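Engineer: One structure, as structure tokens, below. Some questions next.
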Protein chains: 2
Amino acid sequence: MDAAEFRRRGREMVDFVADYLENIEQRPVYPDLEPGYLRSLIPTEAPLEPENYEDIIKDVERVIMPGVTHWHSPYFFAYFPAASSYPAMLADMLCGAIGCIGFSWAASPACTELETVMLDWLGKMLQLPEHFIAGTHGHGGGVIQGTASEATLMSLLAARCKAIRRVHASIPENSEADILSKLVAYTSEQAHSSVERAALIGGVMMRKVPTDNSYAVRGDMLKKIVEEDKAAGLIPFYIYVCYSCACIKTICHSSCNELYVCVFQFCATLGTTPSCAFDHITELGPLCNEENMWMHIDAAYAGSAFICPEFRPLLNGVEFADSFNFNPHKWLLVNFDCSAMWVKKRADIIGAFKMEPLYLKHENQESGRHWQIPLGRRFRSLKMWFVFRLYGLKGLQAHIRKQVDLAKEFESLVRADKRFEICAEVIMGLVCFRLKGSNELNQNLLKRITESREIHLVPCQLSGRFVLRFAICARSTESRHIQQAWRHITQLTFELLQEE
Amino acid sequence: MDAAEFRRRGREMVDFVADYLENIEQRPVYPDLEPGYLRSLIPTEAPLEPENYEDIIKDVERVIMPGVTHWHSPYFFAYFPAASSYPAMLADMLCGAIGCIGFSWAASPACTELETVMLDWLGKMLQLPEHFIAGTHGHGGGVIQGTASEATLMSLLAARCKAIRRVHASIPENSEADILSKLVAYTSEQAHSSVERAALIGGVMMRKVPTDNSYAVRGDMLKKIVEEDKAAGLIPFYIYVCYSCACIKTICHSSCNELYVCVFQFCATLGTTPSCAFDHITELGPLCNEENMWMHIDAAYAGSAFICPEFRPLLNGVEFADSFNFNPHKWLLVNFDCSAMWVKKRADIIGAFKMEPLYLKHENQESGRHWQIPLGRRFRSLKMWFVFRLYGLKGLQAHIRKQVDLAKEFESLVRADKRFEICAEVIMGLVCFRLKGSNELNQNLLKRITESREIHLVPCQLSGRFVLRFAICARSTESRHIQQAWRHITQLTFELLQEE
């Protein structure tokens, strides 16, 4: 394919994309097929000779689309939002064309530098403490990670390295392996499985801290465990704090049994209030600082809302954190993958890989170079630049507020129906609700919802109760979709209750 | 931006991309600016109100392009190729529009299933042993990782977990921490720094095995070290084998001092022959199998060439490997990020994260789900599908062969000039050469080349000698660019020698 053909096919693809997104609500939001469906639809080997472009595009509809869960359908209310916007897609086209591998400053200076400045822009939008802003002379700064899991892992590795060095400096007889075997990290018993994975990868113990009756880790509880562990000869070094992980039990409908999908989502659970989330960081932070424990705050989904002044108080206490992370690719209109991570001290995270001192001398230029697992990186900051400029801060705030309003609208519909109950305070874009009655009843309702394929949502478990999660996801979701979804749910409920 | 505006802007962007790539050779291949150049060109904060699209596009030329190292310029001969093609870019547009987060089969079945089948297609192109092919009943299979570094880390973690379980099963008194502190991994003393990083992340010892005078690790040398380590109470569990890492010393020209960039590149060094690479895996493989050591083979760059029968013998011995990886995003026309990794036993790599047995029951459906560090993933296999079908195997082979021929053409030019010498056998797309004479002389030549900005290449060190690397990178590089590059180099050489 030469440039001339690319011009033609590129235009067609632009139209294909626009058509797809404009008409997406006419597609069943969730596929109706069995695992392994695709293999039989295409050859078992790559073709020897080139094929026609038209045949491939036909196969997109024949092979791919029937197997797509349409995350950008306005009737997609499952999991969490996957951010998407036209400006981000345009920027990604440019990113693909430039196609640089930004593994060092020299490998493409604009790639490293735009990223540093975009993370400053975004940090300022969130009113992050000054020490997280790189500026021209700062010691901290931001970096784009692929996912929140990578940010968690990076923060844990940086903390591990720092702790080993500190202990080794004070007691040089202790071997590295010896110190490693005594390190202990903490997380809430409610936390996401990726935290446990990070600890597993890093070869350190992870202890789960019990939560209070609003599912929050409190300062006194952490203090107690830390004291016990220290008395037992262990070395507390890291805590992972999340807004707030809800371990969500989904049903893999078409085929297999249950599987657990845990999503980072601000799911204020029973009795939790925004001020609790606030207290919680401000309680844990000083303790971590006293105990030389690295505090990593993960606000994967909720973080985007902190660009709105009315939500920003929820982030108070972030000044105690050593690192902070959230995913613009969830709720800030920047397509996946774009997870924004800030650290108080760049040297800590660069030092996690014990690079030569040579590198450390040039950390200003080398921003982004050693802050991550992969060496290569795409020019992802272009997406942020396009989105921030084409929406403006006000446009981004309007997006957040609109989606929160839609969640409140759905909440009102649920509350107005006495057969249902709301199971957690609705603070952002997630509504947890259920039919008053047994778990089985709710499971049956979800089964009908899923089988109808008109809307898509997944369940979660809260205090042993089977709860339906209704997350406002697609940028294209409007009030009429909420109303239609509710009509659909109540219709299925009516049928279900009649039969029961 | 609505769909109508996206149609217009999208078409403009397609033309922008085509114009950029068609005229790329008129741009200076390497930027002429100082670190920190970008910050002063844009505001310090995001705009409050939306900006005009035209202003942003103007800024692409004003702010971004001057800071881009143009990896797709036909005069870019630095580092390694970053694959790019129009079909891959079209597929990426589609990937962005679908915008699914493929963290489980249900989250978008097509995303998981196409990836599994594409890795089978590619594995068959490479004639990988049957146990690496997933098929419908296989125990192995492939997955797309972001980078080779992630593949290395994943293989090391899988090997670590397997070794801990094995040792713990035979000597249950041994604690996990105890076993971990005795595990030892091996790599060549020539290997890439990302291997050391993987060991550092995984908290295991990494020993570097001395190489013979052709820079290859030989079976007897490995056997000796393994025996010594076992006698010392250590547990050998992993070896990383690479085609062949050349630790490359680049000069970060514009600003800072030297920095080391190590690239995976088939750099057959002095005296190494293809049959050596062959012997080397077939020597190490049986030893690893005997000793229960996981063998991971990394052919990040070279792997693409194995789709050509004339290069495939270099991969003989891969049947002994537990995992194999190469980067289609280097040399197989699939844009970054697309690193292809195969494992002999899926259960090993899924088991690395000790997921619930529940998962293991469904490993067929859950392909790709737990084979990687990040949980979320883009629909990257679309790029492979478009590229494989629009080029066909023959088209891909033609691309590899053309680039190898261009390297040979450059080699002939160098050999015909008595002032120069070739420093390593030219097997694929890389020519290592230097002026006969001092390192300083060659450093001066490279300095002139870099400052002229007409072509871009980076140096390496081979046996203490400063060597210039000429890598065939861009898809658009033709014979006339090679000829022009050589005229340019000899002109600068002439001036240099005159002055000396």
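The way I read the labels, and the way they are meant: chains A, B, ... in the order of the structure tokens, residue 1 as the first residue of every chain, and ligand 1 as the first ligand shown, with later ones counted on from there.
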Just the residues within 9 Å of segment 67-72 of chain A, please, counting only C-alpha atoms, with nothing from its chain fewer than 5 positions along; format it as a ChimeraX atom specification.
Structural biologist: /A:21,24-25,27-33,37-38,77-78,81-84,456,473-477 /B:97-101,106-111,113
Engineer: Can you write out the residues you just picked, keeping N, CA and C atoms, as an mmCIF file, in the first residue's frame?
Structural biologist:
```
data_model
loop_
_atom_site.group_PDB
_atom_site.id
_atom_site.type_symbol
_atom_site.label_atom_id
_atom_site.label_comp_id
_atom_site.auth_asym_id
_atom_site.auth_seq_id
_atom_site.Cartn_x
_atom_site.Cartn_y
_atom_site.Cartn_z
ATOM 1 N N LEU A 21 -19.249 4.759 15.254
ATOM 2 C CA LEU A 21 -19.572 5.428 16.511
ATOM 3 C C LEU A 21 -20.934 6.130 16.461
ATOM 4 N N ILE A 24 -23.530 3.172 16.741
ATOM 5 C CA ILE A 24 -23.148 2.072 17.634
ATOM 6 C C ILE A 24 -24.321 1.570 18.468
ATOM 7 N N GLU A 25 -25.282 2.449 18.772
ATOM 8 C CA GLU A 25 -26.360 2.001 19.651
ATOM 9 C C GLU A 25 -27.297 1.004 18.976
ATOM 10 N N ARG A 27 -26.166 -1.609 17.473
ATOM 11 C CA ARG A 27 -25.560 -2.944 17.590
ATOM 12 C C ARG A 27 -25.899 -3.530 18.967
ATOM 13 N N PRO A 28 -26.036 -4.865 19.046
ATOM 14 C CA PRO A 28 -26.174 -5.461 20.378
ATOM 15 C C PRO A 28 -24.899 -5.152 21.165
ATOM 16 N N VAL A 29 -25.077 -4.644 22.373
ATOM 17 C CA VAL A 29 -23.911 -4.142 23.106
ATOM 18 C C VAL A 29 -22.973 -5.270 23.531
ATOM 19 N N TYR A 30 -23.523 -6.463 23.674
ATOM 20 C CA TYR A 30 -22.726 -7.593 24.151
ATOM 21 C C TYR A 30 -22.875 -8.754 23.170
ATOM 22 N N PRO A 31 -21.779 -9.402 22.801
ATOM 23 C CA PRO A 31 -21.860 -10.420 21.749
ATOM 24 C C PRO A 31 -22.597 -11.683 22.169
ATOM 25 N N ASP A 32 -23.127 -12.340 21.174
ATOM 26 C CA ASP A 32 -23.874 -13.567 21.390
ATOM 27 C C ASP A 32 -23.133 -14.704 20.708
ATOM 28 N N LEU A 33 -22.120 -15.199 21.353
ATOM 29 C CA LEU A 33 -21.366 -16.290 20.735
ATOM 30 C C LEU A 33 -20.588 -17.074 21.780
ATOM 31 N N TYR A 37 -15.242 -18.890 18.864
ATOM 32 C CA TYR A 37 -16.046 -18.624 17.663
ATOM 33 C C TYR A 37 -15.191 -18.190 16.472
ATOM 34 N N LEU A 38 -14.104 -17.459 16.752
ATOM 35 C CA LEU A 38 -13.392 -16.765 15.676
ATOM 36 C C LEU A 38 -12.529 -17.684 14.823
ATOM 37 N N PHE A 77 -22.959 -0.234 30.337
ATOM 38 C CA PHE A 77 -22.890 0.275 31.712
ATOM 39 C C PHE A 77 -22.047 -0.669 32.592
ATOM 40 N N ALA A 78 -21.189 -1.445 31.959
ATOM 41 C CA ALA A 78 -20.444 -2.486 32.670
ATOM 42 C C ALA A 78 -19.056 -1.990 33.083
ATOM 43 N N PRO A 81 -15.697 3.177 32.661
ATOM 44 C CA PRO A 81 -15.587 3.800 31.335
ATOM 45 C C PRO A 81 -14.194 3.598 30.729
ATOM 46 N N ALA A 82 -14.171 3.373 29.428
ATOM 47 C CA ALA A 82 -12.914 3.408 28.671
ATOM 48 C C ALA A 82 -12.973 4.704 27.882
ATOM 49 N N ALA A 83 -12.123 5.633 28.255
ATOM 50 C CA ALA A 83 -12.199 6.961 27.638
ATOM 51 C C ALA A 83 -11.985 6.877 26.135
ATOM 52 N N SER A 84 -12.699 7.738 25.432
ATOM 53 C CA SER A 84 -12.530 7.819 23.990
ATOM 54 C C SER A 84 -13.067 9.162 23.529
ATOM 55 N N HIS A 456 -25.704 -3.533 28.876
ATOM 56 C CA HIS A 456 -24.714 -4.442 29.456
ATOM 57 C C HIS A 456 -24.267 -3.898 30.791
ATOM 58 N N CYS A 473 -20.674 5.011 31.355
ATOM 59 C CA CYS A 473 -19.391 4.742 30.679
ATOM 60 C C CYS A 473 -19.194 5.567 29.420
ATOM 61 N N ALA A 474 -20.043 5.366 28.413
ATOM 62 C CA ALA A 474 -19.747 5.943 27.098
ATOM 63 C C ALA A 474 -19.942 7.459 27.094
ATOM 64 N N ARG A 475 -19.097 8.126 26.333
ATOM 65 C CA ARG A 475 -19.206 9.568 26.134
ATOM 66 C C ARG A 475 -20.550 9.917 25.501
ATOM 67 N N SER A 476 -21.102 8.974 24.760
ATOM 68 C CA SER A 476 -22.328 9.237 24.001
ATOM 69 C C SER A 476 -23.593 8.971 24.806
ATOM 70 N N THR A 477 -23.455 8.523 26.035
ATOM 71 C CA THR A 477 -24.656 8.238 26.835
ATOM 72 C C THR A 477 -25.367 9.541 27.199
ATOM 73 N N ALA B 97 -11.068 3.154 17.560
ATOM 74 C CA ALA B 97 -12.517 3.343 17.519
ATOM 75 C C ALA B 97 -13.249 2.288 18.339
ATOM 76 N N ILE B 98 -12.830 1.043 18.196
ATOM 77 C CA ILE B 98 -13.461 -0.024 18.981
ATOM 78 C C ILE B 98 -13.179 0.224 20.456
ATOM 79 N N GLY B 99 -11.943 0.576 20.746
ATOM 80 C CA GLY B 99 -11.583 1.051 22.082
ATOM 81 C C GLY B 99 -11.998 0.140 23.215
ATOM 82 N N CYS B 100 -11.912 -1.161 22.995
ATOM 83 C CA CYS B 100 -12.241 -2.079 24.079
ATOM 84 C C CYS B 100 -11.017 -2.288 24.953
ATOM 85 N N ILE B 101 -11.266 -2.679 26.192
ATOM 86 C CA ILE B 101 -10.164 -2.991 27.107
ATOM 87 C C ILE B 101 -10.206 -4.497 27.307
ATOM 88 N N ALA B 106 -14.698 -12.022 28.042
ATOM 89 C CA ALA B 106 -16.005 -11.381 27.937
ATOM 90 C C ALA B 106 -15.900 -9.886 27.663
ATOM 91 N N ALA B 107 -14.804 -9.285 28.060
ATOM 92 C CA ALA B 107 -14.659 -7.844 27.875
ATOM 93 C C ALA B 107 -14.541 -7.476 26.400
ATOM 94 N N SER B 108 -14.262 -8.411 25.565
ATOM 95 C CA SER B 108 -14.328 -8.297 24.116
ATOM 96 C C SER B 108 -13.736 -9.550 23.488
ATOM 97 N N PRO B 109 -14.587 -10.523 23.255
ATOM 98 C CA PRO B 109 -14.106 -11.830 22.777
ATOM 99 C C PRO B 109 -13.195 -11.741 21.547
ATOM 100 N N ALA B 110 -13.535 -10.889 20.591
ATOM 101 C CA ALA B 110 -12.734 -10.813 19.372
ATOM 102 C C ALA B 110 -11.297 -10.410 19.681
ATOM 103 N N CYS B 111 -11.119 -9.563 20.685
ATOM 104 C CA CYS B 111 -9.797 -9.059 21.045
ATOM 105 C C CYS B 111 -8.896 -10.196 21.512
ATOM 106 N N GLU B 113 -9.515 -13.496 21.043
ATOM 107 C CA GLU B 113 -9.454 -14.627 20.096
ATOM 108 C C GLU B 113 -8.608 -14.307 18.863
#
```
Engineer: Would you write out, as a Markdown table, a table of all residues in chain B that have an atom no more than 6 Å from an atom of chain A, listing for each the closest atom pair and the distance in Å to one decimal, considering only C-alpha atoms and ordering rows by chain and rising residue number?
Structural biologist:
```
| residue | atom | partner | partner_atom | distance |
| --- | --- | --- | --- | --- |
| B:Ala3 | CA | A:Ala18 | CA | 5.6 |
| B:Gly10 | CA | A:Val14 | CA | 5.8 |
| B:Arg11 | CA | A:Arg11 | CA | 5.3 |
| B:Val14 | CA | A:Gly10 | CA | 5.8 |
| B:Val17 | CA | A:Ala97 | CA | 5.9 |
| B:Ala18 | CA | A:Ala3 | CA | 5.6 |
| B:Glu45 | CA | A:Trp121 | CA | 4.9 |
| B:Ala46 | CA | A:Trp121 | CA | 5.5 |
| B:Pro47 | CA | A:Gly392 | CA | 5.2 |
| B:Leu48 | CA | A:Leu393 | CA | 4.6 |
| B:Glu49 | CA | A:Gly392 | CA | 4.5 |
| B:Pro50 | CA | A:Gly392 | CA | 4.2 |
| B:Glu51 | CA | A:Leu390 | CA | 5.3 |
| B:Ile64 | CA | A:Ala110 | CA | 5.7 |
| B:Gly67 | CA | A:Ala110 | CA | 4.6 |
| B:Val68 | CA | A:Ser108 | CA | 4.9 |
| B:Thr69 | CA | A:Ser108 | CA | 4.6 |
| B:Trp71 | CA | A:Cys100 | CA | 5.7 |
| B:Ala97 | CA | A:Val17 | CA | 5.9 |
| B:Cys100 | CA | A:Trp71 | CA | 5.7 |
| B:Ser108 | CA | A:Thr69 | CA | 4.6 |
| B:Pro109 | CA | A:Gly67 | CA | 5.2 |
| B:Ala110 | CA | A:Gly67 | CA | 4.6 |
| B:Trp121 | CA | A:Glu45 | CA | 4.9 |
| B:Thr147 | CA | A:Pro374 | CA | 6.0 |
| B:Ser149 | CA | A:Pro374 | CA | 5.6 |
| B:Ala177 | CA | A:Ser181 | CA | 5.6 |
| B:Ser181 | CA | A:Ala177 | CA | 5.6 |
| B:Ile201 | CA | A:Gly202 | CA | 5.8 |
| B:Gly202 | CA | A:Gly202 | CA | 5.5 |
| B:Pro374 | CA | A:Ser149 | CA | 5.6 |
| B:Arg389 | CA | A:Glu51 | CA | 5.5 |
| B:Leu390 | CA | A:Pro50 | CA | 4.8 |
| B:Tyr391 | CA | A:Pro50 | CA | 4.7 |
| B:Gly392 | CA | A:Pro50 | CA | 4.2 |
| B:Leu393 | CA | A:Leu48 | CA | 4.6 |
| B:Lys394 | CA | A:Leu48 | CA | 5.6 |
```
Engineer: Dump N, CA, C and O atoms for the selected residues as a CSV table (one decimal), in the first residue's frame?
Structural biologist:
```csv
chain,number,residue,atom,x,y,z
B,3,ALA,N,-19.1,13.9,15.2
B,3,ALA,CA,-18.7,13.0,14.1
B,3,ALA,C,-18.4,13.7,12.8
B,3,ALA,O,-17.5,13.3,12.1
B,10,GLY,N,-10.4,14.2,10.3
B,10,GLY,CA,-9.8,12.8,10.1
B,10,GLY,C,-9.2,12.8,8.7
B,10,GLY,O,-8.1,12.3,8.5
B,11,ARG,N,-9.9,13.3,7.7
B,11,ARG,CA,-9.4,13.3,6.3
B,11,ARG,C,-8.2,14.1,6.2
B,11,ARG,O,-7.2,13.8,5.6
B,14,VAL,N,-5.3,12.2,7.8
B,14,VAL,CA,-4.8,11.2,6.8
B,14,VAL,C,-3.9,11.9,5.8
B,14,VAL,O,-2.8,11.3,5.6
B,17,VAL,N,-0.6,12.9,7.5
B,17,VAL,CA,0.2,11.7,7.7
B,17,VAL,C,0.9,11.3,6.4
B,17,VAL,O,2.1,11.0,6.4
B,18,ALA,N,0.1,11.2,5.3
B,18,ALA,CA,0.6,10.8,4.0
B,18,ALA,C,1.7,11.8,3.6
B,18,ALA,O,2.8,11.5,3.1
B,45,GLU,N,0.0,26.1,31.6
B,45,GLU,CA,-1.2,25.4,32.0
B,45,GLU,C,-2.1,25.1,30.9
B,45,GLU,O,-2.1,25.8,29.8
B,46,ALA,N,-3.0,24.2,31.1
B,46,ALA,CA,-4.0,23.8,30.1
B,46,ALA,C,-5.0,25.0,29.9
B,46,ALA,O,-5.2,25.7,30.9
B,47,PRO,N,-5.5,25.2,28.7
B,47,PRO,CA,-6.4,26.3,28.5
B,47,PRO,C,-7.7,26.0,29.3
B,47,PRO,O,-8.1,24.8,29.4
B,48,LEU,N,-8.4,27.1,29.7
B,48,LEU,CA,-9.7,26.9,30.3
B,48,LEU,C,-10.8,26.6,29.3
B,48,LEU,O,-11.6,25.8,29.5
B,49,GLU,N,-10.7,27.4,28.2
B,49,GLU,CA,-11.7,27.2,27.1
B,49,GLU,C,-11.1,26.4,26.0
B,49,GLU,O,-9.9,26.4,25.8
B,50,PRO,N,-12.0,25.8,25.2
B,50,PRO,CA,-11.5,25.0,24.1
B,50,PRO,C,-10.8,25.9,23.1
B,50,PRO,O,-11.1,27.0,22.9
B,51,GLU,N,-9.7,25.3,22.4
B,51,GLU,CA,-9.0,26.1,21.4
B,51,GLU,C,-9.4,25.6,20.0
B,51,GLU,O,-10.1,24.6,19.9
B,64,ILE,N,6.1,20.5,17.9
B,64,ILE,CA,6.5,19.0,17.9
B,64,ILE,C,7.6,18.7,16.9
B,64,ILE,O,8.6,18.1,17.2
B,67,GLY,N,11.2,18.9,17.3
B,67,GLY,CA,11.8,18.0,18.3
B,67,GLY,C,11.7,16.6,18.0
B,67,GLY,O,11.9,15.7,18.9
B,68,VAL,N,11.4,16.2,16.8
B,68,VAL,CA,11.2,14.8,16.5
B,68,VAL,C,12.5,14.2,15.8
B,68,VAL,O,13.0,14.9,14.9
B,69,THR,N,12.9,13.1,16.3
B,69,THR,CA,13.9,12.3,15.6
B,69,THR,C,13.1,11.5,14.7
B,69,THR,O,12.3,10.7,15.1
B,71,TRP,N,12.3,8.7,12.9
B,71,TRP,CA,12.6,7.3,12.8
B,71,TRP,C,12.3,6.7,11.4
B,71,TRP,O,12.8,5.7,11.0
B,97,ALA,N,-11.1,3.2,17.6
B,97,ALA,CA,-12.5,3.3,17.5
B,97,ALA,C,-13.2,2.3,18.3
B,97,ALA,O,-14.2,2.6,19.1
B,100,CYS,N,-11.9,-1.2,23.0
B,100,CYS,CA,-12.2,-2.1,24.1
B,100,CYS,C,-11.0,-2.3,25.0
B,100,CYS,O,-9.9,-2.1,24.5
B,108,SER,N,-14.3,-8.4,25.6
B,108,SER,CA,-14.3,-8.3,24.1
B,108,SER,C,-13.7,-9.5,23.5
B,108,SER,O,-12.5,-9.6,23.2
B,109,PRO,N,-14.6,-10.5,23.3
B,109,PRO,CA,-14.1,-11.8,22.8
B,109,PRO,C,-13.2,-11.7,21.5
B,109,PRO,O,-12.2,-12.4,21.5
B,110,ALA,N,-13.5,-10.9,20.6
B,110,ALA,CA,-12.7,-10.8,19.4
B,110,ALA,C,-11.3,-10.4,19.7
B,110,ALA,O,-10.4,-10.9,19.0
B,121,TRP,N,-0.7,-17.9,13.5
B,121,TRP,CA,-0.3,-17.6,12.2
B,121,TRP,C,1.2,-17.2,12.1
B,121,TRP,O,2.0,-17.8,11.3
B,147,THR,N,6.5,-4.9,25.0
B,147,THR,CA,7.9,-4.8,24.6
B,147,THR,C,8.6,-6.1,25.0
B,147,THR,O,8.1,-6.9,25.8
B,149,SER,N,11.2,-6.3,26.8
B,149,SER,CA,11.5,-6.2,28.2
B,149,SER,C,10.4,-6.9,29.1
B,149,SER,O,10.6,-7.6,30.1
B,177,ALA,N,10.9,-17.5,51.0
B,177,ALA,CA,12.0,-16.4,51.0
B,177,ALA,C,13.4,-17.1,50.9
B,177,ALA,O,14.3,-16.6,50.3
B,181,SER,N,16.1,-16.6,47.8
B,181,SER,CA,17.4,-16.1,48.0
B,181,SER,C,18.5,-17.0,47.4
B,181,SER,O,19.6,-16.6,47.3
B,201,ILE,N,13.9,-6.8,39.5
B,201,ILE,CA,12.5,-6.7,39.8
B,201,ILE,C,12.0,-7.9,40.5
B,201,ILE,O,11.3,-7.9,41.5
B,202,GLY,N,12.5,-9.1,40.0
B,202,GLY,CA,12.1,-10.4,40.6
B,202,GLY,C,12.8,-10.7,41.8
B,202,GLY,O,12.5,-11.8,42.4
B,374,PRO,N,0.4,-5.6,32.7
B,374,PRO,CA,-0.9,-4.8,32.8
B,374,PRO,C,-2.1,-5.7,32.7
B,374,PRO,O,-2.1,-6.7,32.1
B,389,ARG,N,-2.3,-9.9,6.1
B,389,ARG,CA,-3.1,-10.1,4.9
B,389,ARG,C,-2.8,-9.2,3.7
B,389,ARG,O,-2.9,-9.6,2.6
B,390,LEU,N,-2.4,-7.9,4.1
B,390,LEU,CA,-2.2,-7.0,3.0
B,390,LEU,C,-0.8,-7.2,2.3
B,390,LEU,O,-0.6,-6.7,1.2
B,391,TYR,N,0.1,-7.7,3.1
B,391,TYR,CA,1.4,-8.0,2.5
B,391,TYR,C,1.5,-9.5,2.1
B,391,TYR,O,2.1,-9.8,1.0
B,392,GLY,N,0.9,-10.4,2.8
B,392,GLY,CA,1.1,-11.8,2.5
B,392,GLY,C,2.5,-12.2,3.0
B,392,GLY,O,3.3,-11.4,3.1
B,393,LEU,N,2.6,-13.5,3.2
B,393,LEU,CA,4.0,-14.0,3.7
B,393,LEU,C,5.0,-13.5,2.7
B,393,LEU,O,6.1,-13.1,3.1
B,394,LYS,N,4.7,-13.6,1.4
B,394,LYS,CA,5.7,-13.3,0.4
B,394,LYS,C,6.1,-11.8,0.4
B,394,LYS,O,7.3,-11.5,0.3
```
Engineer: Just checking: using only C-alpha atoms, which residue out of A:Tyr75, A:Phe420, A:Phe470, A:Phe132 ends up closest to Thr490 of chain A?
Structural biologist: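 Checking each of A:Tyr75, A:Phe420, A:Phe470, A:Phe132 against Thr490 of chain A, counting only C-alpha atoms, the winner is A:Phe420.
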Engineer: Can you tell me how far atom CA of Val226 of chain B sits from atom CA of Met295 of chain B, in Å to one decimal?
Structural biologist: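 Answer for the atom CA of Val226 of chain B to atom CA of Met295 of chain B separation: 13.8 Å.
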Engineer: Between atom CA of Phe311 of chain B and atom CA of Gln127 of chain B, what is the distance in Å, rounded to a tenth?
Structural biologist: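 About the pair atom CA of Phe311 of chain B and atom CA of Gln127 of chain B: they are 11.5 Å apart.
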Engineer: From the DSSP assignment of the backbone, select every residue of segment 360-489 of chain B that is helix (DSSP H, G or I), and format the answer as a ChimeraX atom specification.
Structural biologist: /B:360-361,381-415,439-452,479-489
